[in-house]
$ cat data-v8.txt   # compact mmCIF, C-alpha atoms and all ligand atoms
# COMPACT_ATOMS: atom_id res chain seq x y z
CA MET V 1 123.20 232.62 -61.49
CA LYS V 2 125.30 231.37 -58.59
CA VAL V 3 123.34 229.18 -56.16
CA ASP V 4 124.18 229.42 -52.46
CA ILE V 5 124.28 225.70 -51.63
CA LYS V 6 123.98 226.16 -47.86
CA LEU V 7 121.13 228.69 -48.08
CA LYS V 8 119.21 226.51 -50.55
CA ASP V 9 119.73 223.50 -48.30
CA LYS V 10 118.38 225.33 -45.25
CA THR V 11 115.38 226.79 -47.12
CA LEU V 12 114.37 223.45 -48.62
CA LYS V 13 114.79 221.54 -45.37
CA GLU V 14 112.51 224.06 -43.65
CA SER V 15 109.94 223.78 -46.46
CA GLY V 16 109.30 220.12 -45.57
CA GLU V 17 109.21 219.12 -49.27
CA THR V 18 110.73 215.81 -50.34
CA THR V 19 114.20 216.62 -51.60
CA GLY V 20 117.34 214.82 -52.69
CA ILE V 21 121.01 215.64 -53.11
CA VAL V 22 122.11 215.34 -56.73
CA PHE V 23 125.54 215.90 -58.21
CA ASN V 24 124.96 215.60 -61.95
CA PHE V 25 122.34 215.45 -64.68
CA GLN V 26 124.07 213.78 -67.62
CA GLN V 27 122.21 214.27 -70.88
CA PHE V 28 122.41 212.07 -73.98
CA SER V 29 123.72 209.06 -72.10
CA ILE V 30 123.87 205.82 -74.08
CA GLN V 31 125.48 203.74 -71.30
CA ASP V 32 122.66 203.46 -68.79
CA GLY V 33 119.79 201.69 -70.53
CA PRO V 34 118.07 201.71 -73.91
CA GLY V 35 117.96 204.72 -76.24
CA LEU V 36 119.08 208.22 -75.41
CA ARG V 37 118.75 208.94 -71.72
CA THR V 38 119.37 211.53 -69.07
CA THR V 39 121.08 210.02 -66.06
CA MET V 40 120.56 211.73 -62.73
CA PHE V 41 123.39 210.96 -60.30
CA VAL V 42 122.56 211.15 -56.59
CA LYS V 43 124.98 211.31 -53.68
CA GLY V 44 125.72 208.65 -51.10
CA CYS V 45 126.89 205.04 -51.43
CA PRO V 46 127.17 202.25 -48.85
CA LEU V 47 129.84 200.43 -50.89
CA HIS V 48 133.39 201.64 -51.31
CA CYS V 49 134.67 200.21 -54.58
CA PRO V 50 138.31 201.27 -54.98
CA TRP V 51 137.76 201.68 -58.75
CA CYS V 52 134.66 203.90 -58.43
CA SER V 53 134.30 206.11 -61.50
CA ASN V 54 132.08 208.55 -59.60
CA PRO V 55 133.96 209.15 -56.34
CA GLU V 56 132.02 212.40 -55.90
CA SER V 57 129.01 210.17 -55.19
CA ILE V 58 130.43 208.44 -52.11
CA TYR V 59 129.90 211.17 -49.50
CA PRO V 60 126.13 211.55 -48.96
CA SER V 61 126.01 215.34 -48.70
CA TYR V 62 127.79 218.34 -50.14
CA GLN V 63 131.52 218.52 -50.44
CA ILE V 64 134.14 220.51 -52.25
CA LYS V 65 136.34 219.80 -55.21
CA ALA V 66 139.72 221.55 -55.54
CA VAL V 67 141.20 221.54 -59.04
CA GLN V 68 144.93 222.20 -59.01
CA ASP V 69 145.15 223.33 -62.64
CA LYS V 70 142.85 226.25 -61.92
CA CYS V 71 144.59 227.33 -58.70
CA ARG V 72 146.59 230.60 -58.86
CA GLY V 73 148.16 230.07 -55.44
CA CYS V 74 146.64 233.24 -53.95
CA GLY V 75 146.13 231.58 -50.55
CA ALA V 76 142.68 233.10 -49.88
CA CYS V 77 141.10 229.71 -49.20
CA LEU V 78 143.80 228.72 -46.72
CA LYS V 79 142.91 231.75 -44.62
CA VAL V 80 139.21 230.84 -44.29
CA CYS V 81 139.67 227.12 -43.68
CA LYS V 82 139.49 226.51 -39.93
CA THR V 83 140.38 222.82 -40.05
CA GLY V 84 143.69 222.88 -41.88
CA ALA V 85 142.26 220.77 -44.71
CA LEU V 86 143.85 222.96 -47.39
CA SER V 87 147.51 223.43 -48.15
CA HIS V 88 149.77 224.22 -51.08
CA ASN V 89 152.14 221.85 -52.79
CA GLU V 90 155.63 222.81 -53.91
CA ASN V 91 154.13 224.44 -57.05
CA HIS V 92 151.76 226.58 -54.93
CA GLN V 93 148.79 224.57 -56.11
CA ILE V 94 145.94 223.70 -53.80
CA VAL V 95 145.88 220.33 -52.00
CA LEU V 96 142.75 219.15 -50.17
CA ASP V 97 142.97 216.68 -47.29
CA TYR V 98 139.52 215.07 -47.18
CA SER V 99 140.14 213.57 -43.75
CA LYS V 100 140.35 217.08 -42.22
CA CYS V 101 137.53 218.73 -44.20
CA ASN V 102 134.25 219.29 -42.31
CA HIS V 103 132.39 220.32 -45.49
CA CYS V 104 131.64 223.82 -44.21
CA LEU V 105 132.02 225.05 -47.83
CA ASP V 106 133.52 228.39 -46.68
CA CYS V 107 136.44 228.07 -49.10
CA ILE V 108 134.17 228.11 -52.18
CA ASP V 109 133.38 231.79 -51.76
CA ALA V 110 136.99 232.63 -50.96
CA CYS V 111 138.28 231.41 -54.32
CA ASN V 112 137.90 233.90 -57.15
CA TYR V 113 139.29 231.50 -59.74
CA LYS V 114 136.73 228.69 -59.46
CA ALA V 115 139.49 226.31 -58.41
CA ILE V 116 137.28 225.27 -55.49
CA THR V 117 133.70 224.37 -56.30
CA GLY V 118 130.85 222.57 -54.57
CA VAL V 119 129.78 219.04 -55.45
CA GLY V 120 126.09 218.28 -54.98
CA ILE V 121 122.99 220.39 -54.50
CA ARG V 122 119.66 219.76 -52.78
CA VAL V 123 116.75 219.75 -55.23
CA THR V 124 113.02 219.19 -54.89
CA VAL V 125 111.22 216.44 -56.75
CA LYS V 126 109.66 219.12 -58.96
CA GLU V 127 113.05 220.63 -59.80
CA ALA V 128 114.55 217.24 -60.61
CA VAL V 129 111.61 216.21 -62.80
CA GLY V 130 111.65 219.61 -64.54
CA GLU V 131 115.30 219.06 -65.44
CA LEU V 132 114.75 215.47 -66.53
CA MET V 133 111.72 216.31 -68.70
CA LYS V 134 113.73 218.77 -70.82
CA ASP V 135 114.87 215.96 -73.13
CA LYS V 136 111.53 214.15 -73.40
CA PRO V 137 111.51 214.51 -77.23
CA PHE V 138 114.86 212.68 -77.40
CA TYR V 139 113.55 209.91 -75.15
CA ASP V 140 110.45 209.55 -77.31
CA ASN V 141 112.39 209.46 -80.58
CA THR V 142 114.96 206.90 -79.42
CA ARG V 143 112.96 204.75 -76.99
CA GLY V 144 115.14 206.17 -74.27
CA GLY V 145 114.26 207.68 -70.91
CA VAL V 146 115.69 208.53 -67.52
CA THR V 147 118.11 206.54 -65.38
CA ILE V 148 118.78 207.33 -61.75
CA SER V 149 122.27 206.33 -60.70
CA GLY V 150 124.81 207.33 -58.10
CA GLY V 151 126.18 206.58 -55.69
CA GLU V 152 123.33 204.41 -54.58
CA PRO V 153 119.86 205.80 -55.31
CA LEU V 154 118.37 203.52 -52.63
CA MET V 155 120.05 205.77 -50.04
CA GLN V 156 117.57 208.54 -50.94
CA PRO V 157 114.48 206.34 -51.28
CA GLU V 158 111.60 208.80 -50.83
CA PHE V 159 113.08 211.30 -53.26
CA VAL V 160 113.99 208.71 -55.89
CA ALA V 161 110.62 206.92 -55.64
CA GLU V 162 108.75 210.20 -56.06
CA VAL V 163 110.85 211.24 -59.06
CA PHE V 164 110.20 207.88 -60.72
CA GLY V 165 106.48 208.22 -59.96
CA GLU V 166 106.29 211.66 -61.60
CA LEU V 167 108.27 210.48 -64.63
CA LYS V 168 105.92 207.53 -65.14
CA LYS V 169 102.92 209.89 -64.99
CA ASN V 170 104.62 211.81 -67.82
CA GLY V 171 105.14 208.68 -69.93
CA VAL V 172 108.92 208.44 -69.45
CA HIS V 173 110.78 205.10 -69.45
CA THR V 174 112.54 204.72 -66.09
CA ALA V 175 115.67 202.82 -65.09
CA LEU V 176 117.36 202.38 -61.72
CA ASP V 177 121.10 201.73 -61.55
CA THR V 178 121.67 200.05 -58.19
CA THR V 179 123.96 197.94 -56.05
CA GLY V 180 120.83 196.41 -54.49
CA TYR V 181 122.23 197.04 -51.02
CA ALA V 182 119.19 198.15 -49.00
CA LYS V 183 116.29 196.72 -47.02
CA TRP V 184 113.79 194.84 -49.19
CA ALA V 185 110.98 197.26 -48.21
CA THR V 186 113.06 200.11 -49.63
CA VAL V 187 113.88 198.24 -52.85
CA LYS V 188 110.22 197.29 -53.29
CA ASN V 189 108.99 200.85 -52.81
CA VAL V 190 111.61 202.53 -55.02
CA THR V 191 111.17 200.05 -57.89
CA LYS V 192 107.37 200.21 -58.13
CA ASP V 193 107.55 202.75 -60.99
CA VAL V 194 110.75 201.41 -62.56
CA ASP V 195 110.76 199.79 -66.02
CA LEU V 196 114.32 198.48 -65.93
CA ILE V 197 116.81 197.73 -63.15
CA LEU V 198 120.53 197.84 -63.92
CA TYR V 199 121.63 195.56 -61.09
CA ASP V 200 125.31 195.41 -60.16
CA ILE V 201 126.86 192.13 -59.06
CA LYS V 202 130.48 192.49 -58.06
CA HIS V 203 131.47 189.24 -56.38
CA LEU V 204 129.71 186.05 -55.32
CA ASP V 205 131.97 185.42 -52.32
CA SER V 206 130.60 187.44 -49.42
CA LYS V 207 133.89 187.51 -47.52
CA LYS V 208 135.78 188.89 -50.50
CA HIS V 209 132.91 191.32 -51.17
CA GLN V 210 133.19 192.69 -47.66
CA GLU V 211 136.97 192.76 -47.66
CA VAL V 212 137.17 194.96 -50.77
CA LEU V 213 133.83 196.81 -50.88
CA GLY V 214 133.08 197.16 -47.18
CA VAL V 215 129.79 195.21 -47.06
CA LYS V 216 128.68 191.61 -47.40
CA ASN V 217 126.70 190.52 -50.46
CA GLU V 218 123.86 188.44 -48.94
CA VAL V 219 121.29 191.24 -48.93
CA ILE V 220 122.21 192.10 -52.53
CA LEU V 221 121.61 188.53 -53.71
CA GLU V 222 118.42 188.18 -51.65
CA ASN V 223 116.95 191.37 -53.11
CA LEU V 224 117.88 190.24 -56.62
CA ASN V 225 116.02 186.96 -56.10
CA LYS V 226 112.98 188.81 -54.78
CA LEU V 227 112.95 191.08 -57.84
CA ALA V 228 113.01 188.13 -60.24
CA GLY V 229 110.09 188.26 -62.66
CA LYS V 230 108.73 191.52 -61.20
CA THR V 231 110.74 194.06 -63.23
CA LYS V 232 113.01 193.83 -66.25
CA ILE V 233 116.60 193.34 -65.04
CA TRP V 234 119.97 193.76 -66.69
CA LEU V 235 122.82 192.42 -64.58
CA ARG V 236 126.00 194.50 -64.77
CA ILE V 237 129.33 193.18 -63.57
CA PRO V 238 132.29 195.53 -63.39
CA LEU V 239 135.25 193.28 -64.20
CA VAL V 240 138.27 194.20 -62.17
CA PRO V 241 141.69 192.53 -62.54
CA GLY V 242 142.72 190.80 -59.34
CA PHE V 243 139.23 191.09 -57.82
CA ASN V 244 136.64 189.25 -59.89
CA ASP V 245 138.31 188.36 -63.23
CA ASP V 246 137.43 184.73 -62.76
CA LEU V 247 135.68 182.95 -65.63
CA ASP V 248 134.20 180.25 -63.37
CA MET V 249 132.57 182.86 -61.16
CA ALA V 250 131.47 184.79 -64.23
CA ASP V 251 129.72 181.68 -65.55
CA LYS V 252 127.95 181.32 -62.20
CA ILE V 253 126.79 184.94 -62.44
CA VAL V 254 125.46 184.27 -65.95
CA GLU V 255 123.58 181.28 -64.54
CA LEU V 256 122.25 183.49 -61.74
CA GLY V 257 121.09 185.91 -64.44
CA ARG V 258 119.04 183.14 -66.05
CA GLN V 259 117.59 182.11 -62.68
CA VAL V 260 116.40 185.64 -61.89
CA LYS V 261 115.12 186.05 -65.47
CA ALA V 262 117.55 188.88 -66.26
CA GLU V 263 117.11 190.04 -69.84
CA LYS V 264 120.83 190.60 -70.35
CA VAL V 265 124.14 190.21 -68.54
CA TYR V 266 126.83 192.82 -69.14
CA PHE V 267 130.48 192.37 -68.25
CA LEU V 268 132.15 195.76 -68.10
CA PRO V 269 135.96 195.70 -67.95
CA LEU V 270 137.64 198.22 -65.67
CA HIS V 271 138.04 201.72 -67.01
CA ARG V 272 139.90 204.58 -65.41
CA TRP V 273 137.62 207.51 -66.35
CA GLY V 274 137.12 208.58 -62.74
CA GLU V 275 140.64 208.10 -61.45
CA HIS V 276 141.70 211.73 -61.92
CA LYS V 277 138.86 212.91 -59.67
CA TYR V 278 140.24 211.36 -56.48
CA SER V 279 142.88 213.98 -55.75
CA SER V 280 140.57 216.92 -56.47
CA LEU V 281 138.16 215.52 -53.86
CA GLY V 282 140.97 215.03 -51.38
CA TYR V 283 140.61 211.23 -51.46
CA ASP V 284 143.41 208.72 -51.33
CA GLY V 285 143.37 207.12 -54.79
CA SER V 286 146.25 204.73 -54.10
CA ALA V 287 144.01 201.63 -53.97
CA PHE V 288 142.70 202.49 -57.45
CA ALA V 289 146.22 203.19 -58.72
CA LYS V 290 147.32 199.71 -57.61
CA ILE V 291 144.71 197.98 -59.81
CA ARG V 292 146.28 196.97 -63.08
CA ASP V 293 144.61 197.16 -66.50
CA PHE V 294 143.52 194.10 -68.47
CA THR V 295 145.89 193.00 -71.20
CA GLU V 296 144.58 192.69 -74.77
CA GLU V 297 145.05 188.91 -74.51
CA GLU V 298 142.92 188.72 -71.39
CA LEU V 299 140.16 190.78 -72.98
CA GLU V 300 140.23 188.53 -76.07
CA LYS V 301 139.94 185.47 -73.82
CA TRP V 302 136.80 186.87 -72.20
CA LYS V 303 135.29 187.86 -75.54
CA ASP V 304 136.03 184.41 -76.94
CA HIS V 305 134.51 182.69 -73.92
CA TYR V 306 131.20 184.50 -74.30
CA LYS V 307 130.95 184.79 -78.07
CA SER V 308 128.66 181.74 -78.25
CA PHE V 309 126.22 183.19 -75.71
CA SER V 310 124.43 185.05 -78.49
CA ASP V 311 123.26 188.46 -77.32
CA TYR V 312 122.42 187.35 -73.76
CA VAL V 313 125.91 188.05 -72.45
CA ILE V 314 127.39 191.30 -73.64
CA PHE V 315 131.04 191.99 -73.06
CA GLY V 316 132.58 195.42 -73.02
CA LYS V 317 129.72 197.88 -73.26
CA ALA V 318 126.96 198.96 -70.89
S1 LIG R 1 134.97 223.00 -46.92
FE1 LIG R 1 136.68 221.87 -46.02
S2 LIG R 1 138.49 222.72 -47.00
FE2 LIG R 1 136.82 224.18 -47.35
S3 LIG R 1 136.97 225.67 -45.65
FE3 LIG R 1 135.54 224.08 -45.00
S4 LIG R 1 136.81 222.58 -43.88
FE4 LIG R 1 138.19 223.87 -45.07
S1 LIG R 2 141.59 230.62 -53.25
FE1 LIG R 2 141.52 229.43 -55.16
S2 LIG R 2 143.23 230.22 -56.37
FE2 LIG R 2 143.58 230.92 -54.26
S3 LIG R 2 144.90 229.30 -53.37
FE3 LIG R 2 142.77 228.74 -52.89
S4 LIG R 2 142.18 227.36 -54.59
FE4 LIG R 2 144.03 228.44 -55.23
$ encode --input "data-v8.txt" --output "structure tokens" --more "lines below"
Ligand code: SF4
Ligand code: SF4
Amino acid sequence: MKVDIKLKDKTLKESGETTGIVFNFQQFSIQDGPGLRTTMFVKGCPLHCPWCSNPESIYPSYQIKAVQDKCRGCGACLKVCKTGALSHNENHQIVLDYSKCNHCLDCIDACNYKAITGVGIRVTVKEAVGELMKDKPFYDNTRGGVTISGGEPLMQPEFVAEVFGELKKNGVHTALDTTGYAKWATVKNVTKDVDLILYDIKHLDSKKHQEVLGVKNEVILENLNKLAGKTKIWLRIPLVPGFNDDLDMADKIVELGRQVKAEKVYFLPLHRWGEHKYSSLGYDGSAFAKIRDFTEEELEKWKDHYKSFSDYVIFGKA
């Protein structure tokens, strides 16, 4: 059944229930913690990593996605769009200009070919937990559980904390995938029912961090230090050529991992899984396109460097 995103949003806001905006429930995930997991992806992120594999998470509310391959060029959406955000390319395929879109969502109903769809929906805590509990038998059989990722889950703290609380009551292992960029009070509250934190560290130099990701890193490192010894932590470092592919800095991050009692440190080389999504969301993906891939020799060098670190440092898988 088709859900009217705007009507549901209005109804739930008026109900006063705690709600969150979610854009995906990914079942059978093996990348986001131990065992088989369902990962719930929430919208909104304070960082702007040019290589983001979930660009649909960046904007904190609803938005549209326009998929050119599905467009028949009928022009119906262009007629309803009041901001001029939609146009056709030379092949009569839809082009979305994110900078002009006001997220009114009117074009979704105009398209009969599902070339324009909504990204994100408001859900209650009960709805989210109901969805996440569907795979409880798989979690139990594989020592898996639920991971909440994004975006940045700390941007929807009440909702995320309540979902974690309900999951714990139901005996589900919980993991938070976070950048750590939030006030300590928020981090403390959201993590009280979390068994494992997947904590991203992207760069140790605050100036470089801000230059590329839009925010400084001090609060991220402070929160990490405060979490030390309180909850199980896995550090995760996305390795990006030309940004943080620096073995000396990587060694310092490994040392930081030991200081904060992280159980594991994962280095995750750049992948391009999300790159195709940028144009369908109307985003400029040119910064991502400019990032080069690692060469096989470079990857071997990293693997070689960390092969003696036993299973504390893991290279190449989450
Ligand atoms: S959601 Fe954006 S593209 Fe669609 S009609 Fe509204 S302003 Fe235009
Ligand atoms: S309404 Fe749908 S099919 Fe028609 S031009 Fe717009 S996106 Fe393409």
$ residues_near_ligand --input "data-v8.txt" --ligand "ligand LIG 1 (chain R)" --cutoff "9 Å" --atoms "only C-alpha atoms and all ligand atoms" --output "PDB file with C-alpha atoms, in the coordinates of the input"
ATOM      1  CA  GLN V  63     131.520 218.520 -50.440  1.00  0.00           C
ATOM      2  CA  ILE V  64     134.140 220.510 -52.250  1.00  0.00           C
ATOM      3  CA  LYS V  65     136.340 219.800 -55.210  1.00  0.00           C
ATOM      4  CA  ALA V  66     139.720 221.550 -55.540  1.00  0.00           C
ATOM      5  CA  CYS V  77     141.100 229.710 -49.200  1.00  0.00           C
ATOM      6  CA  LEU V  78     143.800 228.720 -46.720  1.00  0.00           C
ATOM      7  CA  LYS V  79     142.910 231.750 -44.620  1.00  0.00           C
ATOM      8  CA  VAL V  80     139.210 230.840 -44.290  1.00  0.00           C
ATOM      9  CA  CYS V  81     139.670 227.120 -43.680  1.00  0.00           C
ATOM     10  CA  LYS V  82     139.490 226.510 -39.930  1.00  0.00           C
ATOM     11  CA  THR V  83     140.380 222.820 -40.050  1.00  0.00           C
ATOM     12  CA  GLY V  84     143.690 222.880 -41.880  1.00  0.00           C
ATOM     13  CA  ALA V  85     142.260 220.770 -44.710  1.00  0.00           C
ATOM     14  CA  LEU V  86     143.850 222.960 -47.390  1.00  0.00           C
ATOM     15  CA  LEU V  96     142.750 219.150 -50.170  1.00  0.00           C
ATOM     16  CA  ASP V  97     142.970 216.680 -47.290  1.00  0.00           C
ATOM     17  CA  TYR V  98     139.520 215.070 -47.180  1.00  0.00           C
ATOM     18  CA  LYS V 100     140.350 217.080 -42.220  1.00  0.00           C
ATOM     19  CA  CYS V 101     137.530 218.730 -44.200  1.00  0.00           C
ATOM     20  CA  ASN V 102     134.250 219.290 -42.310  1.00  0.00           C
ATOM     21  CA  HIS V 103     132.390 220.320 -45.490  1.00  0.00           C
ATOM     22  CA  CYS V 104     131.640 223.820 -44.210  1.00  0.00           C
ATOM     23  CA  LEU V 105     132.020 225.050 -47.830  1.00  0.00           C
ATOM     24  CA  ASP V 106     133.520 228.390 -46.680  1.00  0.00           C
ATOM     25  CA  CYS V 107     136.440 228.070 -49.100  1.00  0.00           C
ATOM     26  CA  ILE V 108     134.170 228.110 -52.180  1.00  0.00           C
ATOM     27  CA  ALA V 110     136.990 232.630 -50.960  1.00  0.00           C
ATOM     28  CA  ILE V 116     137.280 225.270 -55.490  1.00  0.00           C
ATOM     29  CA  GLY V 118     130.850 222.570 -54.570  1.00  0.00           C
TER      30      GLY V 118
END
$ residues_near_ligand --input "data-v8.txt" --ligand "ligand LIG 2 (chain R)" --cutoff "7 Å" --atoms "all atoms listed in the file" --output "ChimeraX atom specification"
/V:66,70-78,93-94,110-116
$ atom_distance --input "data-v8.txt" --atom1 "atom CA of V:Pro137" --atom2 "atom CA of V:Thr124"
22.9 Å
$ residues_around --input "data-v8.txt" --residues "V:Lys303" --least-positions-apart "3" --cutoff "12 Å" --atoms "all atoms listed in the file" --output "VMD selection string"
chain V and resid 247 266 to 269 296 to 300 306 to 310 313 to 317
$ write_last_selection --input "data-v8.txt" --atoms "C-alpha atoms" --output "short mmCIF file (atom, residue, chain, number, x, y, z; two decimals), in the coordinates of the input"
data_model
loop_
_atom_site.label_atom_id
_atom_site.label_comp_id
_atom_site.auth_asym_id
_atom_site.auth_seq_id
_atom_site.Cartn_x
_atom_site.Cartn_y
_atom_site.Cartn_z
CA LEU V 247 135.68 182.95 -65.63
CA TYR V 266 126.83 192.82 -69.14
CA PHE V 267 130.48 192.37 -68.25
CA LEU V 268 132.15 195.76 -68.10
CA PRO V 269 135.96 195.70 -67.95
CA GLU V 296 144.58 192.69 -74.77
CA GLU V 297 145.05 188.91 -74.51
CA GLU V 298 142.92 188.72 -71.39
CA LEU V 299 140.16 190.78 -72.98
CA GLU V 300 140.23 188.53 -76.07
CA TYR V 306 131.20 184.50 -74.30
CA LYS V 307 130.95 184.79 -78.07
CA SER V 308 128.66 181.74 -78.25
CA PHE V 309 126.22 183.19 -75.71
CA SER V 310 124.43 185.05 -78.49
CA VAL V 313 125.91 188.05 -72.45
CA ILE V 314 127.39 191.30 -73.64
CA PHE V 315 131.04 191.99 -73.06
CA GLY V 316 132.58 195.42 -73.02
CA LYS V 317 129.72 197.88 -73.26
#
$ closest_atom_pairs --input "data-v8.txt" --of "stretch 226-313 of chain V" --to "stretch 209-222 of chain V" --cutoff "10 Å" --atoms "only C-alpha atoms" --output "CSV"
residue,atom,partner,partner_atom,distance
V:Lys226,CA,V:Glu222,CA,6.3
V:Leu227,CA,V:Glu222,CA,8.8
V:Phe243,CA,V:Val212,CA,8.3
V:Asn244,CA,V:His209,CA,9.7
V:Leu256,CA,V:Leu221,CA,9.5
$ atom_distance --input "data-v8.txt" --atom1 "atom CA of V:Val240" --atom2 "atom CA of V:Ala289"
12.5 Å
$ atom_distance --input "data-v8.txt" --atom1 "atom CA of V:Val22" --atom2 "atom CA of V:Arg122"
6.4 Å
$ residues_around --input "data-v8.txt" --residues "V:Ser61" --least-positions-apart "4" --cutoff "12 Å" --atoms "only C-alpha atoms" --output "list of chain:residue names"
V:Ile5, V:Lys6, V:Asp9, V:Gly20, V:Ile21, V:Val22, V:Phe23, V:Val42, V:Lys43, V:Gly44, V:Cys45, V:Glu56, V:Ser57, V:Asn102, V:His103, V:Cys104, V:Leu105, V:Gly118, V:Val119, V:Gly120, V:Ile121, V:Arg122, V:Gly151, V:Met155, V:Gln156
$ residues_near_point --input "data-v8.txt" --point "(121.4, 197.4, -56.1)" --cutoff "6 Å" --atoms "only C-alpha atoms" --output "list of chain:residue names"
V:Thr178, V:Thr179, V:Gly180, V:Tyr181, V:Tyr199, V:Asp200
$ closest_residue --input "data-v8.txt" --among "V:Leu12, V:Ala175, V:Phe138, V:Ser53" --to "V:Gly285" --atoms "all atoms listed in the file"
V:Ser53
$ closest_residue --input "data-v8.txt" --among "V:Asp251, V:Asp135, V:Asp293, V:Glu162" --to "V:Ile237" --atoms "all atoms listed in the file"
V:Asp251
$ residues_near_point --input "data-v8.txt" --point "(113.3, 213.5, -66.3)" --cutoff "8 Å" --atoms "only C-alpha atoms" --output "list in words"
Thr38, Ala128, Val129, Gly130, Glu131, Leu132, Met133, Lys134, Asp135, Lys136, Gly145, Val146, Val163, Leu167 and Val172 of chain V
$ residues_around --input "data-v8.txt" --residues "V:Glu275" --least-positions-apart "3" --cutoff "12 Å" --atoms "all atoms listed in the file" --output "CSV table (one decimal) with C-alpha atoms, keeping the file's coordinate frame"
chain,number,residue,atom,x,y,z
V,50,PRO,CA,138.3,201.3,-55.0
V,51,TRP,CA,137.8,201.7,-58.8
V,52,CYS,CA,134.7,203.9,-58.4
V,53,SER,CA,134.3,206.1,-61.5
V,54,ASN,CA,132.1,208.6,-59.6
V,55,PRO,CA,134.0,209.2,-56.3
V,56,GLU,CA,132.0,212.4,-55.9
V,270,LEU,CA,137.6,198.2,-65.7
V,271,HIS,CA,138.0,201.7,-67.0
V,272,ARG,CA,139.9,204.6,-65.4
V,278,TYR,CA,140.2,211.4,-56.5
V,279,SER,CA,142.9,214.0,-55.8
V,280,SER,CA,140.6,216.9,-56.5
V,281,LEU,CA,138.2,215.5,-53.9
V,283,TYR,CA,140.6,211.2,-51.5
V,284,ASP,CA,143.4,208.7,-51.3
V,285,GLY,CA,143.4,207.1,-54.8
V,286,SER,CA,146.2,204.7,-54.1
V,287,ALA,CA,144.0,201.6,-54.0
V,288,PHE,CA,142.7,202.5,-57.4
V,289,ALA,CA,146.2,203.2,-58.7
V,290,LYS,CA,147.3,199.7,-57.6
V,291,ILE,CA,144.7,198.0,-59.8
$ closest_residue --input "data-v8.txt" --among "V:Gly171, V:Gly274, V:Gly257, V:Gly242" --to "V:Arg292" --atoms "all atoms listed in the file"
V:Gly242
